[in-house]
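structure29.cif (mmCIF, C-alpha atoms and all ligand atoms) appears below.
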```cif
data_model
#
loop_
_atom_site.group_PDB
_atom_site.id
_atom_site.type_symbol
_atom_site.label_atom_id
_atom_site.label_comp_id
_atom_site.auth_asym_id
_atom_site.auth_seq_id
_atom_site.Cartn_x
_atom_site.Cartn_y
_atom_site.Cartn_z
ATOM 1 C CA MET Y 218 89.468 90.889 108.459
ATOM 2 C CA ARG Y 219 88.824 91.788 104.850
ATOM 3 C CA ILE Y 220 91.279 90.462 102.308
ATOM 4 C CA ALA Y 221 91.353 90.261 98.510
ATOM 5 C CA VAL Y 222 93.495 87.459 97.124
ATOM 6 C CA ALA Y 223 95.236 88.217 93.826
ATOM 7 C CA GLY Y 224 97.957 86.789 91.600
ATOM 8 C CA LYS Y 225 98.660 85.183 88.257
ATOM 9 C CA GLY Y 226 96.440 82.314 87.071
ATOM 10 C CA GLY Y 227 97.151 79.011 88.771
ATOM 11 C CA VAL Y 228 99.339 80.349 91.590
ATOM 12 C CA GLY Y 229 96.907 79.224 94.292
ATOM 13 C CA LYS Y 230 94.513 82.140 94.856
ATOM 14 C CA THR Y 231 91.427 79.969 95.183
ATOM 15 C CA THR Y 232 93.213 77.483 97.420
ATOM 16 C CA VAL Y 233 94.372 80.243 99.766
ATOM 17 C CA ALA Y 234 91.083 82.152 99.699
ATOM 18 C CA ALA Y 235 89.135 78.996 100.538
ATOM 19 C CA GLY Y 236 91.599 78.006 103.236
ATOM 20 C CA LEU Y 237 91.390 81.416 104.923
ATOM 21 C CA CYS Y 238 87.577 81.274 104.910
ATOM 22 C CA LEU Y 239 87.566 77.768 106.367
ATOM 23 C CA LEU Y 240 89.994 78.772 109.122
ATOM 24 C CA LEU Y 241 87.967 81.866 110.004
ATOM 25 C CA ALA Y 242 84.777 79.817 110.088
ATOM 26 C CA GLU Y 243 86.446 77.277 112.349
ATOM 27 C CA GLN Y 244 87.355 80.115 114.708
ATOM 28 C CA GLY Y 245 83.653 80.835 115.036
ATOM 29 C CA ARG Y 246 83.593 83.748 112.646
ATOM 30 C CA SER Y 247 81.175 84.135 109.746
ATOM 31 C CA PRO Y 248 83.131 85.103 106.671
ATOM 32 C CA TRP Y 249 81.804 86.223 103.330
ATOM 33 C CA ALA Y 250 83.514 84.295 100.543
ATOM 34 C CA ILE Y 251 83.340 86.227 97.302
ATOM 35 C CA ASP Y 252 84.205 84.360 94.130
ATOM 36 C CA ALA Y 253 85.100 87.141 91.714
ATOM 37 C CA ASP Y 254 86.665 84.746 89.232
ATOM 38 C CA PRO Y 255 84.314 83.695 86.416
ATOM 39 C CA ASN Y 256 85.631 80.143 86.706
ATOM 40 C CA ASN Y 257 83.608 79.787 89.891
ATOM 41 C CA CYS Y 258 85.815 77.344 91.762
ATOM 42 C CA LEU Y 259 85.718 78.845 95.222
ATOM 43 C CA GLY Y 260 82.569 77.014 96.343
ATOM 44 C CA TYR Y 261 84.144 73.670 95.491
ATOM 45 C CA ALA Y 262 87.413 74.594 97.168
ATOM 46 C CA LEU Y 263 85.386 75.445 100.279
ATOM 47 C CA GLY Y 264 83.865 71.974 100.178
ATOM 48 C CA PHE Y 265 80.312 73.223 99.687
ATOM 49 C CA PRO Y 266 77.958 70.365 98.763
ATOM 50 C CA GLN Y 267 77.416 69.948 95.025
ATOM 51 C CA ASP Y 268 73.645 70.365 95.269
ATOM 52 C CA LEU Y 269 74.048 73.752 96.938
ATOM 53 C CA LEU Y 270 76.460 74.893 94.227
ATOM 54 C CA ALA Y 271 74.196 73.635 91.460
ATOM 55 C CA ASP Y 272 71.587 76.167 92.570
ATOM 56 C CA VAL Y 273 73.922 79.120 92.771
ATOM 57 C CA LYS Y 274 72.687 82.326 91.199
ATOM 58 C CA PRO Y 275 75.590 84.351 89.841
ATOM 59 C CA LEU Y 276 75.829 88.021 90.701
ATOM 60 C CA SER Y 277 76.049 88.841 87.007
ATOM 61 C CA GLU Y 278 72.330 88.029 86.811
ATOM 62 C CA MET Y 279 71.701 90.794 89.289
ATOM 63 C CA ARG Y 280 72.787 93.344 86.745
ATOM 64 C CA GLN Y 281 69.404 94.122 85.273
ATOM 65 C CA ILE Y 282 67.771 94.530 88.675
ATOM 66 C CA LEU Y 283 70.583 96.785 89.812
ATOM 67 C CA ALA Y 284 70.294 98.807 86.634
ATOM 68 C CA GLU Y 285 66.610 99.326 87.257
ATOM 69 C CA ARG Y 286 67.148 100.295 90.880
ATOM 70 C CA ALA Y 287 69.994 102.612 90.029
ATOM 71 C CA GLY Y 288 68.038 104.161 87.215
ATOM 72 C CA SER Y 289 71.120 104.145 85.034
ATOM 73 C CA SER Y 290 72.158 102.620 81.749
ATOM 74 C CA ALA Y 291 74.008 99.770 83.409
ATOM 75 C CA GLY Y 292 72.041 97.268 81.345
ATOM 76 C CA GLN Y 293 73.690 98.721 78.265
ATOM 77 C CA GLY Y 294 77.136 98.399 79.758
ATOM 78 C CA GLY Y 295 77.258 101.708 81.568
ATOM 79 C CA MET Y 296 78.202 102.194 85.182
ATOM 80 C CA PHE Y 297 75.794 102.392 88.060
ATOM 81 C CA LEU Y 298 75.249 106.014 88.836
ATOM 82 C CA LEU Y 299 73.594 105.626 92.171
ATOM 83 C CA ASN Y 300 74.128 103.242 95.004
ATOM 84 C CA PRO Y 301 70.976 101.167 95.118
ATOM 85 C CA ASP Y 302 69.849 99.312 98.222
ATOM 86 C CA VAL Y 303 70.974 95.749 97.651
ATOM 87 C CA THR Y 304 70.654 94.099 101.065
ATOM 88 C CA ASP Y 305 67.645 92.025 99.996
ATOM 89 C CA LEU Y 306 69.460 90.963 96.812
ATOM 90 C CA ILE Y 307 72.491 89.778 98.727
ATOM 91 C CA ALA Y 308 70.287 87.635 100.950
ATOM 92 C CA ASP Y 309 68.699 86.203 97.829
ATOM 93 C CA TYR Y 310 71.976 85.374 96.069
ATOM 94 C CA GLU Y 311 74.103 84.126 98.941
ATOM 95 C CA ILE Y 312 74.517 80.420 99.535
ATOM 96 C CA LYS Y 313 75.410 79.359 103.033
ATOM 97 C CA ASN Y 314 77.224 76.356 104.341
ATOM 98 C CA GLY Y 315 77.856 76.406 108.065
ATOM 99 C CA ASN Y 316 79.230 79.839 108.947
ATOM 100 C CA ILE Y 317 80.375 80.662 105.430
ATOM 101 C CA SER Y 318 78.321 82.764 103.012
ATOM 102 C CA LEU Y 319 79.330 82.502 99.370
ATOM 103 C CA LEU Y 320 78.578 84.905 96.542
ATOM 104 C CA VAL Y 321 79.739 84.098 93.033
ATOM 105 C CA MET Y 322 80.301 86.573 90.293
ATOM 106 C CA GLY Y 323 79.208 84.345 87.439
ATOM 107 C CA VAL Y 324 80.339 82.988 84.159
ATOM 108 C CA VAL Y 325 81.308 85.394 81.436
ATOM 109 C CA ASP Y 326 79.837 84.725 77.978
ATOM 110 C CA GLU Y 327 81.623 82.069 76.023
ATOM 111 C CA GLY Y 328 84.056 83.638 73.594
ATOM 112 C CA GLY Y 329 83.474 87.072 75.012
ATOM 113 C CA ALA Y 330 87.158 87.742 75.379
ATOM 114 C CA GLY Y 331 86.463 91.219 76.421
ATOM 115 C CA CYS Y 332 85.152 93.440 79.044
ATOM 116 C CA MET Y 333 83.702 92.308 82.303
ATOM 117 C CA CYS Y 334 82.773 95.890 83.095
ATOM 118 C CA PRO Y 335 79.073 95.321 83.827
ATOM 119 C CA GLU Y 336 79.850 92.301 85.983
ATOM 120 C CA ASN Y 337 82.474 94.296 87.793
ATOM 121 C CA ALA Y 338 80.140 97.207 88.357
ATOM 122 C CA THR Y 339 77.815 94.712 90.024
ATOM 123 C CA LEU Y 340 80.622 93.330 92.151
ATOM 124 C CA GLN Y 341 81.640 96.821 93.226
ATOM 125 C CA THR Y 342 78.072 97.589 94.249
ATOM 126 C CA ILE Y 343 77.897 94.432 96.331
ATOM 127 C CA LEU Y 344 81.263 95.024 97.986
ATOM 128 C CA ARG Y 345 80.277 98.566 98.866
ATOM 129 C CA GLU Y 346 77.324 97.069 100.714
ATOM 130 C CA LEU Y 347 79.183 94.196 102.381
ATOM 131 C CA VAL Y 348 81.777 96.503 103.831
ATOM 132 C CA HIS Y 349 79.127 97.778 106.239
ATOM 133 C CA ALA Y 350 78.561 94.306 107.646
ATOM 134 C CA GLU Y 351 80.718 93.502 110.650
ATOM 135 C CA ARG Y 352 81.943 90.314 109.041
ATOM 136 C CA ASP Y 353 85.133 88.949 107.605
ATOM 137 C CA LEU Y 354 85.411 89.132 103.845
ATOM 138 C CA ILE Y 355 87.664 87.126 101.550
ATOM 139 C CA VAL Y 356 87.595 87.962 97.844
ATOM 140 C CA ASP Y 357 89.037 85.493 95.351
ATOM 141 C CA MET Y 358 90.074 87.787 92.495
ATOM 142 C CA VAL Y 359 90.433 87.207 88.758
ATOM 143 C CA ALA Y 360 93.956 86.597 87.491
ATOM 144 C CA GLY Y 361 94.383 89.904 85.693
ATOM 145 C CA LEU Y 362 93.734 92.788 88.004
ATOM 146 C CA GLU Y 363 92.727 95.142 85.212
ATOM 147 C CA HIS Y 364 89.199 95.075 86.539
ATOM 148 C CA LEU Y 365 90.067 95.709 90.149
ATOM 149 C CA GLY Y 366 87.989 98.673 91.134
ATOM 150 C CA ARG Y 367 88.327 101.311 93.778
ATOM 151 C CA ALA Y 368 85.363 99.855 95.598
ATOM 152 C CA THR Y 369 87.227 96.569 95.940
ATOM 153 C CA ALA Y 370 90.301 98.335 97.211
ATOM 154 C CA GLN Y 371 88.219 100.274 99.707
ATOM 155 C CA ALA Y 372 86.216 97.248 100.780
ATOM 156 C CA VAL Y 373 89.268 95.339 101.965
ATOM 157 C CA ASP Y 374 91.977 95.933 104.570
ATOM 158 C CA GLY Y 375 94.574 94.580 102.235
ATOM 159 C CA LEU Y 376 95.537 92.660 99.169
ATOM 160 C CA LEU Y 377 97.277 89.302 99.502
ATOM 161 C CA ILE Y 378 99.284 88.667 96.341
ATOM 162 C CA ILE Y 379 100.085 85.006 95.778
ATOM 163 C CA THR Y 380 103.186 84.058 93.866
ATOM 164 C CA GLN Y 381 105.299 80.993 93.172
ATOM 165 C CA PRO Y 382 109.079 80.768 92.871
ATOM 166 C CA ARG Y 383 108.877 80.948 89.080
ATOM 167 C CA ASP Y 384 109.769 83.846 86.785
ATOM 168 C CA SER Y 385 106.317 84.195 85.242
ATOM 169 C CA ALA Y 386 104.556 84.449 88.602
ATOM 170 C CA LEU Y 387 107.217 86.680 90.157
ATOM 171 C CA ARG Y 388 107.140 89.084 87.210
ATOM 172 C CA THR Y 389 103.427 89.617 87.775
ATOM 173 C CA VAL Y 390 103.856 90.799 91.361
ATOM 174 C CA PRO Y 391 105.183 94.337 90.713
ATOM 175 C CA ARG Y 392 102.548 94.832 88.041
ATOM 176 C CA ILE Y 393 99.763 93.914 90.463
ATOM 177 C CA HIS Y 394 101.390 96.119 93.089
ATOM 178 C CA LYS Y 395 101.400 99.073 90.720
ATOM 179 C CA LEU Y 396 97.778 98.571 89.650
ATOM 180 C CA ALA Y 397 96.648 98.159 93.227
ATOM 181 C CA GLU Y 398 98.587 101.216 94.350
ATOM 182 C CA ASP Y 399 97.012 103.286 91.571
ATOM 183 C CA ILE Y 400 93.514 102.528 92.819
ATOM 184 C CA GLY Y 401 94.397 103.205 96.421
ATOM 185 C CA SER Y 402 94.967 99.799 98.007
ATOM 186 C CA ALA Y 403 96.293 100.418 101.467
ATOM 187 C CA ARG Y 404 98.132 97.258 102.405
ATOM 188 C CA MET Y 405 99.683 94.548 100.347
ATOM 189 C CA TRP Y 406 101.518 91.379 101.224
ATOM 190 C CA VAL Y 407 103.070 88.664 99.142
ATOM 191 C CA LEU Y 408 102.481 85.031 100.003
ATOM 192 C CA GLY Y 409 104.779 82.476 98.373
ATOM 193 C CA ASN Y 410 103.072 79.245 97.385
ATOM 194 C CA ASN Y 411 104.453 75.928 96.168
ATOM 195 C CA VAL Y 412 107.756 76.778 97.773
ATOM 196 C CA GLY Y 413 109.817 73.607 97.850
ATOM 197 C CA SER Y 414 113.023 74.739 99.548
ATOM 198 C CA ASP Y 415 114.728 77.489 101.528
ATOM 199 C CA GLN Y 416 116.414 78.581 98.300
ATOM 200 C CA GLU Y 417 113.049 79.072 96.642
ATOM 201 C CA ALA Y 418 111.770 81.021 99.636
ATOM 202 C CA ALA Y 419 114.898 83.180 99.490
ATOM 203 C CA ARG Y 420 114.337 83.711 95.800
ATOM 204 C CA ILE Y 421 110.863 85.100 96.433
ATOM 205 C CA ARG Y 422 112.055 87.312 99.284
ATOM 206 C CA GLY Y 423 114.990 88.504 97.192
ATOM 207 C CA SER Y 424 112.911 89.471 94.200
ATOM 208 C CA ILE Y 425 110.196 91.398 96.013
ATOM 209 C CA SER Y 426 110.995 94.819 97.340
ATOM 210 C CA GLN Y 427 107.673 96.654 97.122
ATOM 211 C CA MET Y 428 105.918 94.976 100.037
ATOM 212 C CA PRO Y 429 106.439 92.457 102.821
ATOM 213 C CA VAL Y 430 106.463 88.732 102.195
ATOM 214 C CA ILE Y 431 104.056 87.460 104.856
ATOM 215 C CA GLY Y 432 105.222 83.868 104.551
ATOM 216 C CA THR Y 433 105.423 80.836 102.325
ATOM 217 C CA LEU Y 434 103.427 77.661 101.791
ATOM 218 C CA SER Y 435 105.016 74.406 100.653
ATOM 219 C CA HIS Y 436 104.046 72.161 97.825
ATOM 220 C CA TYR Y 437 101.481 69.661 99.121
ATOM 221 C CA PRO Y 438 101.499 66.679 96.774
ATOM 222 C CA GLY Y 439 98.032 65.563 95.756
ATOM 223 C CA LEU Y 440 96.298 68.584 97.267
ATOM 224 C CA GLN Y 441 92.635 68.611 96.282
ATOM 225 C CA ASP Y 442 91.035 71.568 94.625
ATOM 226 C CA ASP Y 443 87.647 70.484 95.918
ATOM 227 C CA ASP Y 444 87.601 70.803 99.709
ATOM 228 C CA VAL Y 445 91.142 72.096 100.148
ATOM 229 C CA PHE Y 446 91.690 70.856 103.710
ATOM 230 C CA ALA Y 447 90.782 67.235 102.843
ATOM 231 C CA GLY Y 448 93.376 64.509 103.310
ATOM 232 C CA ALA Y 449 96.912 64.597 104.663
ATOM 233 C CA SER Y 450 98.064 67.297 102.229
ATOM 234 C CA GLY Y 451 95.035 69.367 103.133
ATOM 235 C CA SER Y 452 95.838 69.201 106.820
ATOM 236 C CA ASN Y 453 99.439 70.272 106.155
ATOM 237 C CA LEU Y 454 98.124 73.205 104.162
ATOM 238 C CA LYS Y 455 95.748 73.993 107.002
ATOM 239 C CA SER Y 456 98.424 74.189 109.671
ATOM 240 C CA ASP Y 457 100.784 76.273 107.495
ATOM 241 C CA LEU Y 458 98.008 78.610 106.436
ATOM 242 C CA SER Y 459 96.802 79.096 109.992
ATOM 243 C CA GLN Y 460 100.210 80.581 110.826
ATOM 244 C CA ILE Y 461 99.839 82.969 107.899
ATOM 245 C CA LEU Y 462 96.370 83.930 109.125
ATOM 246 C CA THR Y 463 97.746 84.666 112.595
ATOM 247 C CA LYS Y 464 100.425 86.917 111.101
ATOM 248 C CA LEU Y 465 97.917 88.750 108.925
ATOM 249 C CA LYS Y 466 95.719 89.355 111.955
ATOM 250 C CA GLN Y 467 98.652 90.630 113.991
ATOM 251 C CA GLN Y 468 99.609 93.052 111.254
ATOM 252 C CA LEU Y 469 96.053 94.290 110.833
ATOM 253 C CA ASP Y 470 95.618 94.649 114.604
ATOM 254 C CA GLY Y 471 98.883 96.576 114.680
ATOM 255 C CA ASP Y 472 97.376 99.032 112.215
ATOM 256 C CA ALA Y 473 94.202 99.520 114.168
HETATM 257 N N1 LIG Y 501 100.819 74.496 97.613
HETATM 258 C C1 LIG Y 501 100.222 73.681 96.739
HETATM 259 N N2 LIG Y 501 100.577 72.390 96.659
HETATM 260 C C2 LIG Y 501 99.986 71.560 95.765
HETATM 261 N N3 LIG Y 501 99.040 71.932 94.911
HETATM 262 C C3 LIG Y 501 98.631 73.223 94.925
HETATM 263 C C4 LIG Y 501 99.195 74.162 95.841
HETATM 264 N N4 LIG Y 501 98.602 75.351 95.651
HETATM 265 C C5 LIG Y 501 97.702 75.169 94.657
HETATM 266 N N5 LIG Y 501 97.723 73.897 94.223
HETATM 267 C C6 LIG Y 501 96.913 73.333 93.124
HETATM 268 O O1 LIG Y 501 97.181 74.089 91.949
HETATM 269 C C7 LIG Y 501 95.994 74.286 91.194
HETATM 270 C C8 LIG Y 501 95.759 75.778 91.005
HETATM 271 O O2 LIG Y 501 95.448 76.338 92.290
HETATM 272 P P1 LIG Y 501 94.294 77.434 92.437
HETATM 273 O O3 LIG Y 501 94.175 77.736 93.880
HETATM 274 O O4 LIG Y 501 93.064 76.993 91.723
HETATM 275 O O5 LIG Y 501 94.952 78.651 91.670
HETATM 276 P P2 LIG Y 501 94.315 80.012 91.136
HETATM 277 O O6 LIG Y 501 93.028 80.218 91.853
HETATM 278 O O7 LIG Y 501 95.336 81.053 91.444
HETATM 279 O O8 LIG Y 501 94.124 79.845 89.662
HETATM 280 C C9 LIG Y 501 94.885 73.569 91.944
HETATM 281 O O9 LIG Y 501 94.698 72.299 91.379
HETATM 282 C C10 LIG Y 501 95.420 73.465 93.369
HETATM 283 O O10 LIG Y 501 94.913 72.331 94.047
HETATM 284 MG MG MG Y 502 91.076 80.532 91.111
#
```
Rewrite the structure from the file as structure tokens, please.
Amino acid sequence: MRIAVAGKGGVGKTTVAAGLCLLLAEQGRSPWAIDADPNNCLGYALGFPQDLLADVKPLSEMRQILAERAGSSAGQGGMFLLNPDVTDLIADYEIKNGNISLLVMGVVDEGGAGCMCPENATLQTILRELVHAERDLIVDMVAGLEHLGRATAQAVDGLLIITQPRDSALRTVPRIHKLAEDIGSARMWVLGNNVGSDQEAARIRGSISQMPVIGTLSHYPGLQDDDVFAGASGSNLKSDLSQILTKLKQQLDGDA
């Protein structure tokens, strides 16, 4: 199963991405967890030990090496022209905890409000490689999908768009859908998060016509953002999310 998790900032992408990885790992699978958000929260949400995360080497640092291997001007902000062999690099940059392998994209320069193009070119190169591995892949995307590349779309079986029953989050959904459609994303689902009532669930279902709503998650008071399945709220999230995972699998198996 290869899924990219998208949505407006704060809707719960990292929480869901981490939860899906943890569930897959518990089922004996060995997922790749890709933190494509420069905030780098996914490792914490997965409950990776602090000392492991302190040593993490961000993919953005790989840029120069990739540029050299690709023989292109990527170091100057250009795109990678060739597809360099990166298997050894991935092994060098991954951090593992149990069955889960984490790669983080890296922090974008302070104040650099602008383009993450070189970082994204690196991410695309890595995803193009990972797609050949027979492993699950969960990508925690950046809030704006402007940087979503074709390689990302092709590397995943589908895009899971998280929303909440609020205007600002709901408004973002069709925009993400359009962007994702333009770059050739095959499947998309909406997942409602922080849904406190049947009315709110109905509101999400009523306002989304472009794609199926795969399900909803409640609000779990006091949910942790480090180690998302910790505590009573975490275990409620876990059981609700495992139903979503089952549905996603059924839908993907139905396609196959
Ligand atoms: N269903 C939920 N119930 C309670 N808190 C939640 C829920 N979903 C997310 N949160 C909290 O909201 C904050 C933002 O979630 P996060 O997953 O980091 O969003 P994103 O990655 O989309 O920015 C985090 O502190 C997280 O613990
Ligand atoms: Mg996040």
Under the PyMOL selection byres (((chain Y and resi 317) around 8) and not hetatm), which residues of this model are included? Write them out as a PyMOL selection string. chain Y and resi 238-239+242+247-250+313-316+318-319
Within 9 Å of ligand MG 502 (chain Y), which residues show up when you count all atoms listed in the file? List them as an NGL selection string, please. :Y and (226-232 or 234 or 252-259 or 357-360)
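Residues lying at most 12 Å from (70.7, 89.9, 99.9) in file coordinates, with only C-alpha atoms considered, are Y:Lys274, Y:Leu276, Y:Met279, Y:Asp302, Y:Val303, Y:Thr304, Y:Asp305, Y:Leu306, Y:Ile307, Y:Ala308, Y:Asp309, Y:Tyr310, Y:Glu311, Y:Ile312, Y:Lys313, Y:Ser318, Y:Leu319, Y:Leu320, Y:Ile343, Y:Leu344, Y:Glu346, Y:Leu347, Y:Ala350.
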Within 12 Å of range 400-403 of chain Y, counting all atoms listed in the file, which residues show up once you throw out same-chain ones fewer than 3 positions away? Write them as an mmCIF file with C-alpha atoms, keeping the file's coordinate frame, please.
```cif
data_model
loop_
_atom_site.group_PDB
_atom_site.id
_atom_site.type_symbol
_atom_site.label_atom_id
_atom_site.label_comp_id
_atom_site.auth_asym_id
_atom_site.auth_seq_id
_atom_site.Cartn_x
_atom_site.Cartn_y
_atom_site.Cartn_z
ATOM 1 C CA ARG Y 219 88.824 91.788 104.850
ATOM 2 C CA ILE Y 220 91.279 90.462 102.308
ATOM 3 C CA ALA Y 221 91.353 90.261 98.510
ATOM 4 C CA LEU Y 362 93.734 92.788 88.004
ATOM 5 C CA GLU Y 363 92.727 95.142 85.212
ATOM 6 C CA HIS Y 364 89.199 95.075 86.539
ATOM 7 C CA LEU Y 365 90.067 95.709 90.149
ATOM 8 C CA GLY Y 366 87.989 98.673 91.134
ATOM 9 C CA ARG Y 367 88.327 101.311 93.778
ATOM 10 C CA ALA Y 368 85.363 99.855 95.598
ATOM 11 C CA THR Y 369 87.227 96.569 95.940
ATOM 12 C CA ALA Y 370 90.301 98.335 97.211
ATOM 13 C CA GLN Y 371 88.219 100.274 99.707
ATOM 14 C CA ALA Y 372 86.216 97.248 100.780
ATOM 15 C CA VAL Y 373 89.268 95.339 101.965
ATOM 16 C CA ASP Y 374 91.977 95.933 104.570
ATOM 17 C CA GLY Y 375 94.574 94.580 102.235
ATOM 18 C CA LEU Y 376 95.537 92.660 99.169
ATOM 19 C CA LEU Y 377 97.277 89.302 99.502
ATOM 20 C CA ILE Y 393 99.763 93.914 90.463
ATOM 21 C CA HIS Y 394 101.390 96.119 93.089
ATOM 22 C CA LYS Y 395 101.400 99.073 90.720
ATOM 23 C CA LEU Y 396 97.778 98.571 89.650
ATOM 24 C CA ALA Y 397 96.648 98.159 93.227
ATOM 25 C CA TRP Y 406 101.518 91.379 101.224
ATOM 26 C CA MET Y 428 105.918 94.976 100.037
ATOM 27 C CA LEU Y 469 96.053 94.290 110.833
ATOM 28 C CA ASP Y 472 97.376 99.032 112.215
#
```
Can you work out the spacing between CA of Gly409 in chain Y and CA of Gln381 in chain Y in Å, to one decimal? 5.4 Å
